[in-house]
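Here's model_31.pdb, which has PDB, C-alpha atoms and all ligand atoms:
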MODEL        1
ATOM      1  CA  MET A   1     111.524  67.079  19.244
ATOM      2  CA  ASP A   2     109.426  67.555  16.127
ATOM      3  CA  ALA A   3     110.562  70.131  13.622
ATOM      4  CA  PRO A   4     108.484  73.256  14.061
ATOM      5  CA  CYS A   5     106.047  74.064  11.302
ATOM      6  CA  ASN A   6     108.035  77.018  10.077
ATOM      7  CA  GLU A   7     110.834  74.716   8.982
ATOM      8  CA  ILE A   8     108.870  73.170   6.169
ATOM      9  CA  VAL A   9     111.191  72.641   3.218
ATOM     10  CA  LEU A  10     108.928  71.155   0.585
ATOM     11  CA  GLU A  11     110.126  71.811  -2.940
ATOM     12  CA  SER A  12     108.250  71.273  -6.124
ATOM     13  CA  SER A  13     108.560  72.907  -9.482
ATOM     14  CA  THR A  14     104.825  72.559  -9.927
ATOM     15  CA  TYR A  15     104.017  74.623  -6.858
ATOM     16  CA  LEU A  16     103.870  78.366  -7.008
ATOM     17  CA  GLU A  17     107.112  80.097  -6.166
ATOM     18  CA  GLU A  18     107.412  82.113  -2.986
ATOM     19  CA  ASP A  19     108.150  85.784  -3.546
ATOM     20  CA  THR A  20     110.811  87.576  -1.556
ATOM     21  CA  ASN A  21     108.324  88.461   1.187
ATOM     22  CA  GLY A  22     107.557  84.791   1.739
ATOM     23  CA  SER A  23     104.027  85.086   0.438
ATOM     24  CA  VAL A  24     102.667  83.083  -2.450
ATOM     25  CA  GLU A  25     102.266  84.707  -5.846
ATOM     26  CA  SER A  26      98.699  83.709  -6.266
ATOM     27  CA  ASP A  27      96.838  84.270  -9.505
ATOM     28  CA  ASP A  28      93.166  84.888  -9.591
ATOM     29  CA  THR A  29      92.177  81.735 -11.425
ATOM     30  CA  ARG A  30      89.348  79.679 -10.090
ATOM     31  CA  ILE A  31      90.670  76.189  -9.510
ATOM     32  CA  VAL A  32      87.265  74.848  -8.411
ATOM     33  CA  GLU A  33      83.912  75.955  -9.788
ATOM     34  CA  VAL A  34      80.769  74.280  -8.559
ATOM     35  CA  LYS A  35      77.685  75.406 -10.474
ATOM     36  CA  ASN A  36      74.138  74.684  -9.396
ATOM     37  CA  CYS A  37      75.083  71.230  -8.122
ATOM     38  CA  HIS A  38      72.520  68.790  -6.885
ATOM     39  CA  LYS A  39      73.184  65.360  -5.440
ATOM     40  CA  THR A  40      70.396  62.943  -4.701
ATOM     41  CA  TYR A  41      71.158  59.543  -3.211
ATOM     42  CA  LEU A  42      68.702  56.809  -3.983
ATOM     43  CA  HIS A  43      67.309  54.797  -1.069
ATOM     44  CA  GLY A  44      65.102  52.140  -2.659
ATOM     45  CA  ILE A  45      62.493  54.203  -4.455
ATOM     46  CA  GLU A  46      63.109  57.254  -2.265
ATOM     47  CA  GLY A  47      65.715  59.930  -2.892
ATOM     48  CA  VAL A  48      67.764  61.812  -0.284
ATOM     49  CA  ALA A  49      68.599  65.300  -1.531
ATOM     50  CA  ALA A  50      72.078  65.806  -0.044
ATOM     51  CA  LEU A  51      72.872  68.896  -2.146
ATOM     52  CA  ARG A  52      70.256  71.251  -3.519
ATOM     53  CA  GLY A  53      71.724  73.749  -5.925
ATOM     54  CA  VAL A  54      75.178  74.547  -4.547
ATOM     55  CA  ASN A  55      77.400  77.196  -6.120
ATOM     56  CA  LEU A  56      80.976  77.614  -4.965
ATOM     57  CA  SER A  57      84.163  79.019  -6.478
ATOM     58  CA  VAL A  58      87.578  78.475  -4.964
ATOM     59  CA  LYS A  59      90.617  80.429  -6.066
ATOM     60  CA  ARG A  60      93.982  78.806  -6.567
ATOM     61  CA  GLY A  61      95.859  78.940  -3.270
ATOM     62  CA  GLU A  62      92.798  79.549  -1.087
ATOM     63  CA  PHE A  63      92.160  77.710   2.189
ATOM     64  CA  VAL A  64      88.406  77.138   2.400
ATOM     65  CA  MET A  65      86.542  75.387   5.202
ATOM     66  CA  LEU A  66      83.183  73.714   4.688
ATOM     67  CA  TYR A  67      81.359  74.028   7.971
ATOM     68  CA  GLY A  68      77.860  73.214   9.124
ATOM     69  CA  THR A  69      75.428  70.986  10.924
ATOM     70  CA  SER A  70      75.499  67.215  10.619
ATOM     71  CA  GLY A  71      73.885  65.997   7.397
ATOM     72  CA  GLY A  72      74.201  69.430   5.777
ATOM     73  CA  GLY A  73      76.059  68.056   2.762
ATOM     74  CA  LYS A  74      79.695  68.898   3.550
ATOM     75  CA  SER A  75      81.161  65.459   2.800
ATOM     76  CA  THR A  76      78.943  65.060  -0.244
ATOM     77  CA  LEU A  77      80.271  68.326  -1.661
ATOM     78  CA  LEU A  78      83.853  67.355  -0.845
ATOM     79  CA  ASN A  79      83.338  63.997  -2.577
ATOM     80  CA  LEU A  80      82.008  65.710  -5.691
ATOM     81  CA  ILE A  81      84.975  68.097  -5.775
ATOM     82  CA  GLY A  82      87.222  65.078  -5.203
ATOM     83  CA  THR A  83      85.567  63.305  -8.174
ATOM     84  CA  ILE A  84      84.802  60.361  -5.908
ATOM     85  CA  ASP A  85      81.189  60.889  -6.954
ATOM     86  CA  ARG A  86      79.342  62.753  -9.698
ATOM     87  CA  PRO A  87      76.618  65.384  -9.344
ATOM     88  CA  THR A  88      73.056  64.358 -10.182
ATOM     89  CA  LYS A  89      72.631  67.770 -11.797
ATOM     90  CA  GLY A  90      74.917  70.727 -12.367
ATOM     91  CA  THR A  91      78.609  70.921 -13.242
ATOM     92  CA  ILE A  92      81.935  71.061 -11.471
ATOM     93  CA  LYS A  93      85.131  72.364 -12.985
ATOM     94  CA  ILE A  94      88.348  71.197 -11.346
ATOM     95  CA  CYS A  95      91.640  72.500 -12.727
ATOM     96  CA  GLU A  96      89.918  73.390 -16.024
ATOM     97  CA  THR A  97      88.322  69.938 -16.399
ATOM     98  CA  LEU A  98      84.547  70.005 -16.572
ATOM     99  CA  ILE A  99      82.815  67.201 -14.670
ATOM    100  CA  SER A 100      79.227  66.190 -15.177
ATOM    101  CA  ASP A 101      77.206  63.013 -14.730
ATOM    102  CA  ARG A 102      78.616  61.811 -18.079
ATOM    103  CA  THR A 103      82.329  62.251 -17.434
ATOM    104  CA  PRO A 104      84.055  58.896 -17.969
ATOM    105  CA  ASP A 105      85.642  57.136 -14.981
ATOM    106  CA  SER A 106      89.055  57.149 -16.639
ATOM    107  CA  GLU A 107      89.075  60.954 -16.778
ATOM    108  CA  LEU A 108      88.060  61.205 -13.125
ATOM    109  CA  ALA A 109      90.742  58.713 -12.106
ATOM    110  CA  GLU A 110      93.378  60.755 -13.957
ATOM    111  CA  LEU A 111      92.289  63.917 -12.141
ATOM    112  CA  ARG A 112      92.422  62.175  -8.759
ATOM    113  CA  LEU A 113      95.852  60.786  -9.436
ATOM    114  CA  LYS A 114      97.486  63.911 -10.829
ATOM    115  CA  ARG A 115      95.710  66.904  -9.332
ATOM    116  CA  LEU A 116      94.056  65.924  -6.051
ATOM    117  CA  GLY A 117      95.221  64.741  -2.641
ATOM    118  CA  PHE A 118      92.939  63.326   0.049
ATOM    119  CA  VAL A 119      93.115  63.297   3.844
ATOM    120  CA  PHE A 120      90.395  61.725   5.970
ATOM    121  CA  GLN A 121      89.612  61.638   9.683
ATOM    122  CA  THR A 122      90.931  58.106  10.056
ATOM    123  CA  PHE A 123      94.573  57.880   9.167
ATOM    124  CA  ASN A 124      94.324  54.763   6.960
ATOM    125  CA  LEU A 125      98.016  53.960   7.140
ATOM    126  CA  ILE A 126      99.104  50.407   6.405
ATOM    127  CA  SER A 127     100.134  48.980   9.752
ATOM    128  CA  GLN A 128     102.923  46.729   8.435
ATOM    129  CA  LEU A 129     104.674  49.556   6.576
ATOM    130  CA  THR A 130     106.907  52.229   8.090
ATOM    131  CA  ALA A 131     106.005  55.914   7.773
ATOM    132  CA  ILE A 132     108.237  56.396   4.747
ATOM    133  CA  GLU A 133     106.970  53.211   3.071
ATOM    134  CA  ASN A 134     103.399  54.442   3.554
ATOM    135  CA  VAL A 135     104.224  57.784   1.943
ATOM    136  CA  GLU A 136     106.044  55.999  -0.863
ATOM    137  CA  LEU A 137     103.289  53.524  -1.627
ATOM    138  CA  PRO A 138     101.392  55.584  -4.256
ATOM    139  CA  LEU A 139     104.656  56.183  -6.128
ATOM    140  CA  THR A 140     105.657  52.522  -5.836
ATOM    141  CA  LEU A 141     102.319  51.470  -7.317
ATOM    142  CA  GLN A 142     102.720  53.927 -10.204
ATOM    143  CA  GLY A 143     106.250  52.672 -10.832
ATOM    144  CA  GLU A 144     107.253  55.836 -12.705
ATOM    145  CA  LEU A 145     110.150  57.018 -10.553
ATOM    146  CA  ALA A 146     113.433  55.305  -9.744
ATOM    147  CA  VAL A 147     113.716  54.001  -6.172
ATOM    148  CA  ALA A 148     116.288  56.625  -5.121
ATOM    149  CA  GLU A 149     114.148  59.467  -6.478
ATOM    150  CA  ARG A 150     111.058  58.097  -4.726
ATOM    151  CA  ARG A 151     112.910  57.828  -1.433
ATOM    152  CA  ALA A 152     114.323  61.342  -1.715
ATOM    153  CA  ARG A 153     110.914  62.836  -2.418
ATOM    154  CA  CYS A 154     109.270  60.997   0.489
ATOM    155  CA  ARG A 155     112.047  61.865   2.892
ATOM    156  CA  GLN A 156     111.655  65.522   1.933
ATOM    157  CA  LEU A 157     107.906  65.363   2.402
ATOM    158  CA  LEU A 158     108.245  63.757   5.816
ATOM    159  CA  LYS A 159     110.717  66.474   6.750
ATOM    160  CA  SER A 160     108.203  69.040   5.578
ATOM    161  CA  VAL A 161     105.643  67.720   8.071
ATOM    162  CA  GLY A 162     108.185  67.434  10.887
ATOM    163  CA  MET A 163     108.354  63.624  10.772
ATOM    164  CA  GLU A 164     111.839  63.036   9.429
ATOM    165  CA  GLU A 165     113.128  61.589  12.690
ATOM    166  CA  ARG A 166     110.321  59.065  12.889
ATOM    167  CA  MET A 167     110.172  57.968   9.288
ATOM    168  CA  TYR A 168     111.206  54.386  10.040
ATOM    169  CA  HIS A 169     108.534  53.978  12.710
ATOM    170  CA  LEU A 170     105.458  51.826  12.170
ATOM    171  CA  PRO A 171     102.054  53.543  12.561
ATOM    172  CA  SER A 172     101.555  51.760  15.907
ATOM    173  CA  GLN A 173     104.687  53.507  17.182
ATOM    174  CA  LEU A 174     103.312  56.957  16.318
ATOM    175  CA  SER A 175     100.768  59.194  18.051
ATOM    176  CA  GLY A 176      97.514  60.118  16.302
ATOM    177  CA  GLY A 177      98.876  63.534  15.364
ATOM    178  CA  GLU A 178     102.051  61.994  13.963
ATOM    179  CA  GLN A 179     100.058  59.469  11.959
ATOM    180  CA  GLN A 180      97.947  62.253  10.508
ATOM    181  CA  ARG A 181     101.090  64.145   9.512
ATOM    182  CA  VAL A 182     102.318  61.025   7.689
ATOM    183  CA  THR A 183      98.925  60.786   5.976
ATOM    184  CA  ILE A 184      99.240  64.411   4.851
ATOM    185  CA  ALA A 185     102.739  63.734   3.491
ATOM    186  CA  ARG A 186     101.326  60.755   1.582
ATOM    187  CA  ALA A 187      98.516  62.901   0.165
ATOM    188  CA  LEU A 188     101.127  65.346  -1.162
ATOM    189  CA  VAL A 189     103.368  62.755  -2.779
ATOM    190  CA  ASN A 190     102.101  63.477  -6.297
ATOM    191  CA  TRP A 191     102.330  67.261  -5.806
ATOM    192  CA  PRO A 192      98.566  67.786  -6.029
ATOM    193  CA  ASP A 193      97.056  71.192  -6.853
ATOM    194  CA  ILE A 194      94.275  70.715  -4.326
ATOM    195  CA  LEU A 195      94.268  68.985  -0.953
ATOM    196  CA  LEU A 196      90.829  67.807   0.185
ATOM    197  CA  LEU A 197      90.491  67.160   3.893
ATOM    198  CA  ASP A 198      87.490  65.566   5.581
ATOM    199  CA  GLU A 199      87.629  66.249   9.345
ATOM    200  CA  PRO A 200      91.423  65.742   9.445
ATOM    201  CA  THR A 201      91.596  66.706  13.123
ATOM    202  CA  GLY A 202      88.439  64.866  14.187
ATOM    203  CA  ASP A 203      90.401  62.182  16.075
ATOM    204  CA  LEU A 204      93.074  64.490  17.514
ATOM    205  CA  ASP A 205      93.434  66.202  20.864
ATOM    206  CA  THR A 206      93.735  69.995  21.103
ATOM    207  CA  LYS A 207      97.535  70.082  20.966
ATOM    208  CA  ASN A 208      97.797  67.843  17.921
ATOM    209  CA  THR A 209      94.901  69.631  16.233
ATOM    210  CA  GLU A 210      96.778  72.900  16.547
ATOM    211  CA  LEU A 211      99.996  71.352  15.266
ATOM    212  CA  VAL A 212      98.334  69.794  12.235
ATOM    213  CA  MET A 213      96.375  72.976  11.446
ATOM    214  CA  ARG A 214      99.477  75.164  11.651
ATOM    215  CA  MET A 215     101.263  72.744   9.372
ATOM    216  CA  LEU A 216      98.428  72.808   6.834
ATOM    217  CA  VAL A 217      98.325  76.608   6.824
ATOM    218  CA  ASP A 218     102.081  76.708   6.343
ATOM    219  CA  LEU A 219     101.905  74.338   3.355
ATOM    220  CA  ASN A 220      99.032  76.370   1.958
ATOM    221  CA  LYS A 221     100.708  79.752   2.321
ATOM    222  CA  ARG A 222     104.197  78.795   1.253
ATOM    223  CA  TYR A 223     103.381  76.624  -1.703
ATOM    224  CA  GLY A 224      99.959  77.775  -2.787
ATOM    225  CA  ILE A 225      98.376  74.354  -2.394
ATOM    226  CA  THR A 226      94.638  74.963  -2.446
ATOM    227  CA  MET A 227      92.964  73.428   0.605
ATOM    228  CA  ILE A 228      89.311  72.542   1.054
ATOM    229  CA  MET A 229      88.543  71.148   4.466
ATOM    230  CA  VAL A 230      85.359  69.840   6.059
ATOM    231  CA  THR A 231      85.037  70.516   9.773
ATOM    232  CA  HIS A 232      82.496  70.513  12.577
ATOM    233  CA  ASP A 233      84.827  72.538  14.744
ATOM    234  CA  ILE A 234      84.120  76.266  14.564
ATOM    235  CA  HIS A 235      87.223  76.916  16.693
ATOM    236  CA  LEU A 236      89.300  76.143  13.603
ATOM    237  CA  ARG A 237      87.761  78.957  11.562
ATOM    238  CA  ASN A 238      90.699  81.321  11.996
ATOM    239  CA  TYR A 239      92.994  78.961  10.108
ATOM    240  CA  ALA A 240      90.972  79.378   6.897
ATOM    241  CA  ASP A 241      90.766  82.208   4.392
ATOM    242  CA  ARG A 242      87.045  81.598   4.061
ATOM    243  CA  ILE A 243      84.273  79.600   5.729
ATOM    244  CA  VAL A 244      81.400  78.195   3.701
ATOM    245  CA  HIS A 245      78.385  77.283   5.837
ATOM    246  CA  LEU A 246      76.289  74.421   4.506
ATOM    247  CA  ARG A 247      72.889  73.484   5.821
ATOM    248  CA  ASP A 248      70.217  71.213   4.374
ATOM    249  CA  GLY A 249      72.193  70.813   1.160
ATOM    250  CA  LYS A 250      72.565  74.525   0.471
ATOM    251  CA  VAL A 251      75.216  77.167   1.018
ATOM    252  CA  ARG A 252      73.716  79.398   3.673
ATOM    253  CA  ARG A 253      76.547  81.811   4.215
ATOM    254  CA  MET A 254      80.108  82.523   3.155
ATOM    255  CA  ASN A 255      82.543  84.570   5.206
TER     256      ASN A 255
HETATM  257  N1  LIG A 301      75.966  57.238   0.278
HETATM  258  C1  LIG A 301      74.838  57.787   0.745
HETATM  259  N2  LIG A 301      73.652  57.180   0.536
HETATM  260  C2  LIG A 301      72.519  57.737   0.972
HETATM  261  N3  LIG A 301      72.450  58.898   1.645
HETATM  262  C3  LIG A 301      73.603  59.538   1.899
HETATM  263  C4  LIG A 301      74.850  59.011   1.464
HETATM  264  N4  LIG A 301      75.825  59.875   1.835
HETATM  265  C5  LIG A 301      75.214  60.879   2.494
HETATM  266  N5  LIG A 301      73.886  60.691   2.513
HETATM  267  C6  LIG A 301      72.879  61.600   3.092
HETATM  268  O1  LIG A 301      73.063  62.872   2.510
HETATM  269  C7  LIG A 301      72.919  63.896   3.469
HETATM  270  C8  LIG A 301      74.197  64.729   3.531
HETATM  271  O2  LIG A 301      75.233  63.898   4.071
HETATM  272  P1  LIG A 301      76.739  64.383   4.224
HETATM  273  O3  LIG A 301      77.507  63.225   4.755
HETATM  274  O4  LIG A 301      77.186  65.008   2.990
HETATM  275  O5  LIG A 301      76.589  65.515   5.332
HETATM  276  P2  LIG A 301      77.696  66.152   6.274
HETATM  277  O6  LIG A 301      77.381  67.599   6.361
HETATM  278  O7  LIG A 301      79.045  65.767   5.821
HETATM  279  O8  LIG A 301      77.353  65.438   7.639
HETATM  280  P3  LIG A 301      78.319  65.021   8.853
HETATM  281  O9  LIG A 301      78.862  66.301   9.380
HETATM  282  O10 LIG A 301      77.404  64.347   9.821
HETATM  283  O11 LIG A 301      79.360  64.119   8.313
HETATM  284  C9  LIG A 301      72.555  63.226   4.775
HETATM  285  O12 LIG A 301      71.156  63.232   4.891
HETATM  286  C10 LIG A 301      73.077  61.810   4.587
HETATM  287  O13 LIG A 301      72.325  60.888   5.343
ENDMDL
END
Output the structure of this file as structure tokens.
Amino acid sequence: MDAPCNEIVLESSTYLEEDTNGSVESDDTRIVEVKNCHKTYLHGIEGVAALRGVNLSVKRGEFVMLYGTSGGGKSTLLNLIGTIDRPTKGTIKICETLISDRTPDSELAELRLKRLGFVFQTFNLISQLTAIENVELPLTLQGELAVAERRARCRQLLKSVGMEERMYHLPSQLSGGEQQRVTIARALVNWPDILLLDEPTGDLDTKNTELVMRMLVDLNKRYGITMIMVTHDIHLRNYADRIVHLRDGKVRRMN
């Protein structure tokens, strides 16, 4: 049987320490600051205004959900925070780094590598590699850690998502929920400050959705990993500290 979520044993010196009550000592610093951001996509000579003056602050350790109607700008905002794209106008500060339309690619790549983790709806695991090899891949490509250290870290991460017993399985031998848990372990392999999740439960059934959400909340609360998650599913709202409603490229409501 899978390890229950409350047995997560992730350790990282870069994560906030738990206090004796098991809660995270969270400071009040804003880890994400989106200021008056606009994003216009060009379609031939026409522009599509995906974001129209969005402001959003996220505190370190917060779990924020971006929720709203289709086409409202949720993924666009997540991509800007993830430095996958740049704003057309406005600024974004991520972990004290200011991003504008002139920020060089190299600086964005460094941020993505060191500070951000990504999880998408589709699991995007490499089918020929086992679960642990998939988690290890980013570290293998960086080539900075010795093999034994890499293995130990990945094994620990897979344990933290309840996948230790299946770490030598190929993706095809895992359920959707298990594959998503491997994907989350892979996204955490560089100890990111912020985990960005775009509909991570979109392809999962109710049981696996609940399992993955409980696991994410546990990682968030124990280790202070800031989470920003896009969802269509209002039933997931209770897992977040805060819901940001986006519609027509604007923040309509926060609660
Ligand atoms: N690469 C792109 N090129 C052109 N238009 C785009 C691009 N990406 C998004 N858009 C447009 O920007 C608007 C916002 O899209 P976005 O994907 O951010 O919304 P969303 O809230 O995530 O929607 P959904 O819930 O359907 O995924 C939409 O009108 C969309 O068609």
Spatial neighbours of Val54 (chain A), max dist 8 Å, only C-alpha atoms, sep filter under 4 positions, as a ChimeraX atom specification: /A:34-38,249-251
Give me, as a tab-separated table, each residue of chain A that comes within 12 Å of ligand LIG 301 (chain A), together with its shortest interatomic pair and the distance in Å at one decimal, counting only C-alpha atoms and all ligand atoms, with rows ordered by chain and rising residue number.
residue	atom	partner	partner_atom	distance
A:His38	CA	A:LIG301	O1	11.1
A:Lys39	CA	A:LIG301	O1	8.3
A:Thr40	CA	A:LIG301	O1	7.7
A:Tyr41	CA	A:LIG301	C2	4.8
A:Leu42	CA	A:LIG301	C2	6.3
A:His43	CA	A:LIG301	C2	6.3
A:Gly44	CA	A:LIG301	C2	10.0
A:Ile45	CA	A:LIG301	C2	11.9
A:Glu46	CA	A:LIG301	C2	10.0
A:Gly47	CA	A:LIG301	C2	8.1
A:Val48	CA	A:LIG301	N3	5.8
A:Ala49	CA	A:LIG301	O1	6.5
A:Ala50	CA	A:LIG301	O1	4.0
A:Leu51	CA	A:LIG301	C8	7.2
A:Arg52	CA	A:LIG301	C8	10.4
A:Leu66	CA	A:LIG301	O6	8.6
A:Tyr67	CA	A:LIG301	O6	7.7
A:Gly68	CA	A:LIG301	O6	6.3
A:Thr69	CA	A:LIG301	O6	6.0
A:Ser70	CA	A:LIG301	O10	3.5
A:Gly71	CA	A:LIG301	O5	3.4
A:Gly72	CA	A:LIG301	O6	3.7
A:Gly73	CA	A:LIG301	O4	3.3
A:Lys74	CA	A:LIG301	O6	3.9
A:Ser75	CA	A:LIG301	O7	3.7
A:Thr76	CA	A:LIG301	O4	3.7
A:Leu77	CA	A:LIG301	O4	6.5
A:Leu78	CA	A:LIG301	O4	8.0
A:Asn79	CA	A:LIG301	O4	8.4
A:Leu80	CA	A:LIG301	O4	10.0
A:Ile84	CA	A:LIG301	N1	11.2
A:Asp85	CA	A:LIG301	N1	9.6
A:Arg86	CA	A:LIG301	N1	11.9
A:Phe120	CA	A:LIG301	O11	11.5
A:Gln121	CA	A:LIG301	O11	10.6
A:Leu197	CA	A:LIG301	O7	11.7
A:Asp198	CA	A:LIG301	O7	8.5
A:Glu199	CA	A:LIG301	O11	8.6
A:Gly202	CA	A:LIG301	O9	10.8
A:Met229	CA	A:LIG301	O7	11.0
A:Val230	CA	A:LIG301	O7	7.5
A:Thr231	CA	A:LIG301	O9	7.5
A:His232	CA	A:LIG301	O9	6.4
A:Asp233	CA	A:LIG301	O9	10.2
A:Val244	CA	A:LIG301	O6	11.6
A:His245	CA	A:LIG301	O6	9.7
A:Leu246	CA	A:LIG301	O6	7.2
A:Arg247	CA	A:LIG301	O6	7.4
A:Asp248	CA	A:LIG301	C8	7.7
A:Gly249	CA	A:LIG301	C8	6.8
A:Lys250	CA	A:LIG301	O6	10.3
A:Val251	CA	A:LIG301	O6	11.2
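Restricting the calculation to only C-alpha atoms, the smallest distance between Gln173 (chain A) and any of A:Gln142, A:Thr209, A:Met215, A:Ser127 is found for A:Ser127.
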I want to know what sits within 7 Å of region 58-63 of chain A, based on only C-alpha atoms, with residues of the same chain fewer than 2 positions away left out; could you give that as a PDB file with C-alpha atoms, keeping the file's coordinate frame?
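Writing the result to part24.pdb gives the following:
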ATOM      1  CA  SER A  26      98.699  83.709  -6.266  1.00  0.00           C
ATOM      2  CA  ASP A  27      96.838  84.270  -9.505  1.00  0.00           C
ATOM      3  CA  ASP A  28      93.166  84.888  -9.591  1.00  0.00           C
ATOM      4  CA  THR A  29      92.177  81.735 -11.425  1.00  0.00           C
ATOM      5  CA  ARG A  30      89.348  79.679 -10.090  1.00  0.00           C
ATOM      6  CA  ILE A  31      90.670  76.189  -9.510  1.00  0.00           C
ATOM      7  CA  VAL A  32      87.265  74.848  -8.411  1.00  0.00           C
ATOM      8  CA  GLU A  33      83.912  75.955  -9.788  1.00  0.00           C
ATOM      9  CA  LEU A  56      80.976  77.614  -4.965  1.00  0.00           C
ATOM     10  CA  MET A  65      86.542  75.387   5.202  1.00  0.00           C
ATOM     11  CA  ASN A 220      99.032  76.370   1.958  1.00  0.00           C
ATOM     12  CA  GLY A 224      99.959  77.775  -2.787  1.00  0.00           C
ATOM     13  CA  ILE A 225      98.376  74.354  -2.394  1.00  0.00           C
ATOM     14  CA  THR A 226      94.638  74.963  -2.446  1.00  0.00           C
ATOM     15  CA  MET A 227      92.964  73.428   0.605  1.00  0.00           C
ATOM     16  CA  ILE A 228      89.311  72.542   1.054  1.00  0.00           C
ATOM     17  CA  ALA A 240      90.972  79.378   6.897  1.00  0.00           C
ATOM     18  CA  ASP A 241      90.766  82.208   4.392  1.00  0.00           C
ATOM     19  CA  ARG A 242      87.045  81.598   4.061  1.00  0.00           C
TER      20      ARG A 242
END
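Closest to Ile92 (chain A) among A:Ser175, A:Ser57, A:Thr122, A:Ser106 is A:Ser57, based on only C-alpha atoms.
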Point-to-point distance in Å for CA of Ala131 (chain A) and CA of Arg150 (chain A): 13.7 Å
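For Asn190 (chain A), the list of residues within 10 Å, based on only C-alpha atoms and with local chain neighbours fewer than 2 positions off taken out, reads Ser12, Leu113, Lys114, Arg115, Leu116, Gly117, Pro138, Leu139, Arg153, Ala185, Arg186, Ala187, Leu188, Pro192 and Asp193 of chain A.
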Picked residues, the PyMOL selection byres (((chain A and resi 102) around 12) and not hetatm), expected as a count of residues only: 18
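Computed from the coordinates, the CA of Phe123 (chain A) to CA of Tyr239 (chain A) distance equals 21.2 Å.
Using all atoms listed in the file, the smallest distance between any of A:Leu145, A:Ile234, A:Val182, A:Val119 and Leu195 (chain A) comes from A:Val119.
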Enclose the full set of atoms of region 133-145 of chain A listed in the file within a box whose edges lie along x, y and z, apply 3 Å of padding to each of the six sides, and report centre and edge lengths in Å to one decimal as AutoDock Vina command-line options.
--center_x 105.8 --center_y 54.6 --center_z -4.6 --size_x 14.8 --size_y 12.3 --size_z 22.3
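Distance annotation: of A:Leu236, A:Ile94, A:Met167, A:Val212, the residue with the minimal separation from Ile184 (chain A) is A:Val212; atom set is all atoms listed in the file.
CA of Thr83 (chain A) is found 8.0 Å from CA of Ala109 (chain A).
Put simply, the PyMOL selection byres (((chain A and resi 158) around 9) and not hetatm) in this file takes in Ala131, Ile132, Val135, Arg153, Cys154, Arg155, Gln156, Leu157, Lys159, Ser160, Val161, Gly162, Met163, Glu164, Glu165, Arg166, Met167, Arg181, Val182, Ala185 and Arg186 of chain A.
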Residues returned when the PyMOL selection byres (((chain A and resi 177) around 9) and not hetatm) runs on this file, as a compact mmCIF listing (two decimals) with C-alpha atoms, in the frame of the given file:
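Below is the file that was written, result.txt:
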# COMPACT_ATOMS: atom_id res chain seq x y z
CA LEU A 174 103.31 56.96 16.32
CA SER A 175 100.77 59.19 18.05
CA GLY A 176 97.51 60.12 16.30
CA GLU A 178 102.05 61.99 13.96
CA GLN A 179 100.06 59.47 11.96
CA GLN A 180 97.95 62.25 10.51
CA ARG A 181 101.09 64.14 9.51
CA VAL A 182 102.32 61.02 7.69
CA THR A 201 91.60 66.71 13.12
CA ASP A 203 90.40 62.18 16.08
CA LEU A 204 93.07 64.49 17.51
CA ASP A 205 93.43 66.20 20.86
CA LYS A 207 97.54 70.08 20.97
CA ASN A 208 97.80 67.84 17.92
CA THR A 209 94.90 69.63 16.23
CA LEU A 211 100.00 71.35 15.27
CA VAL A 212 98.33 69.79 12.24
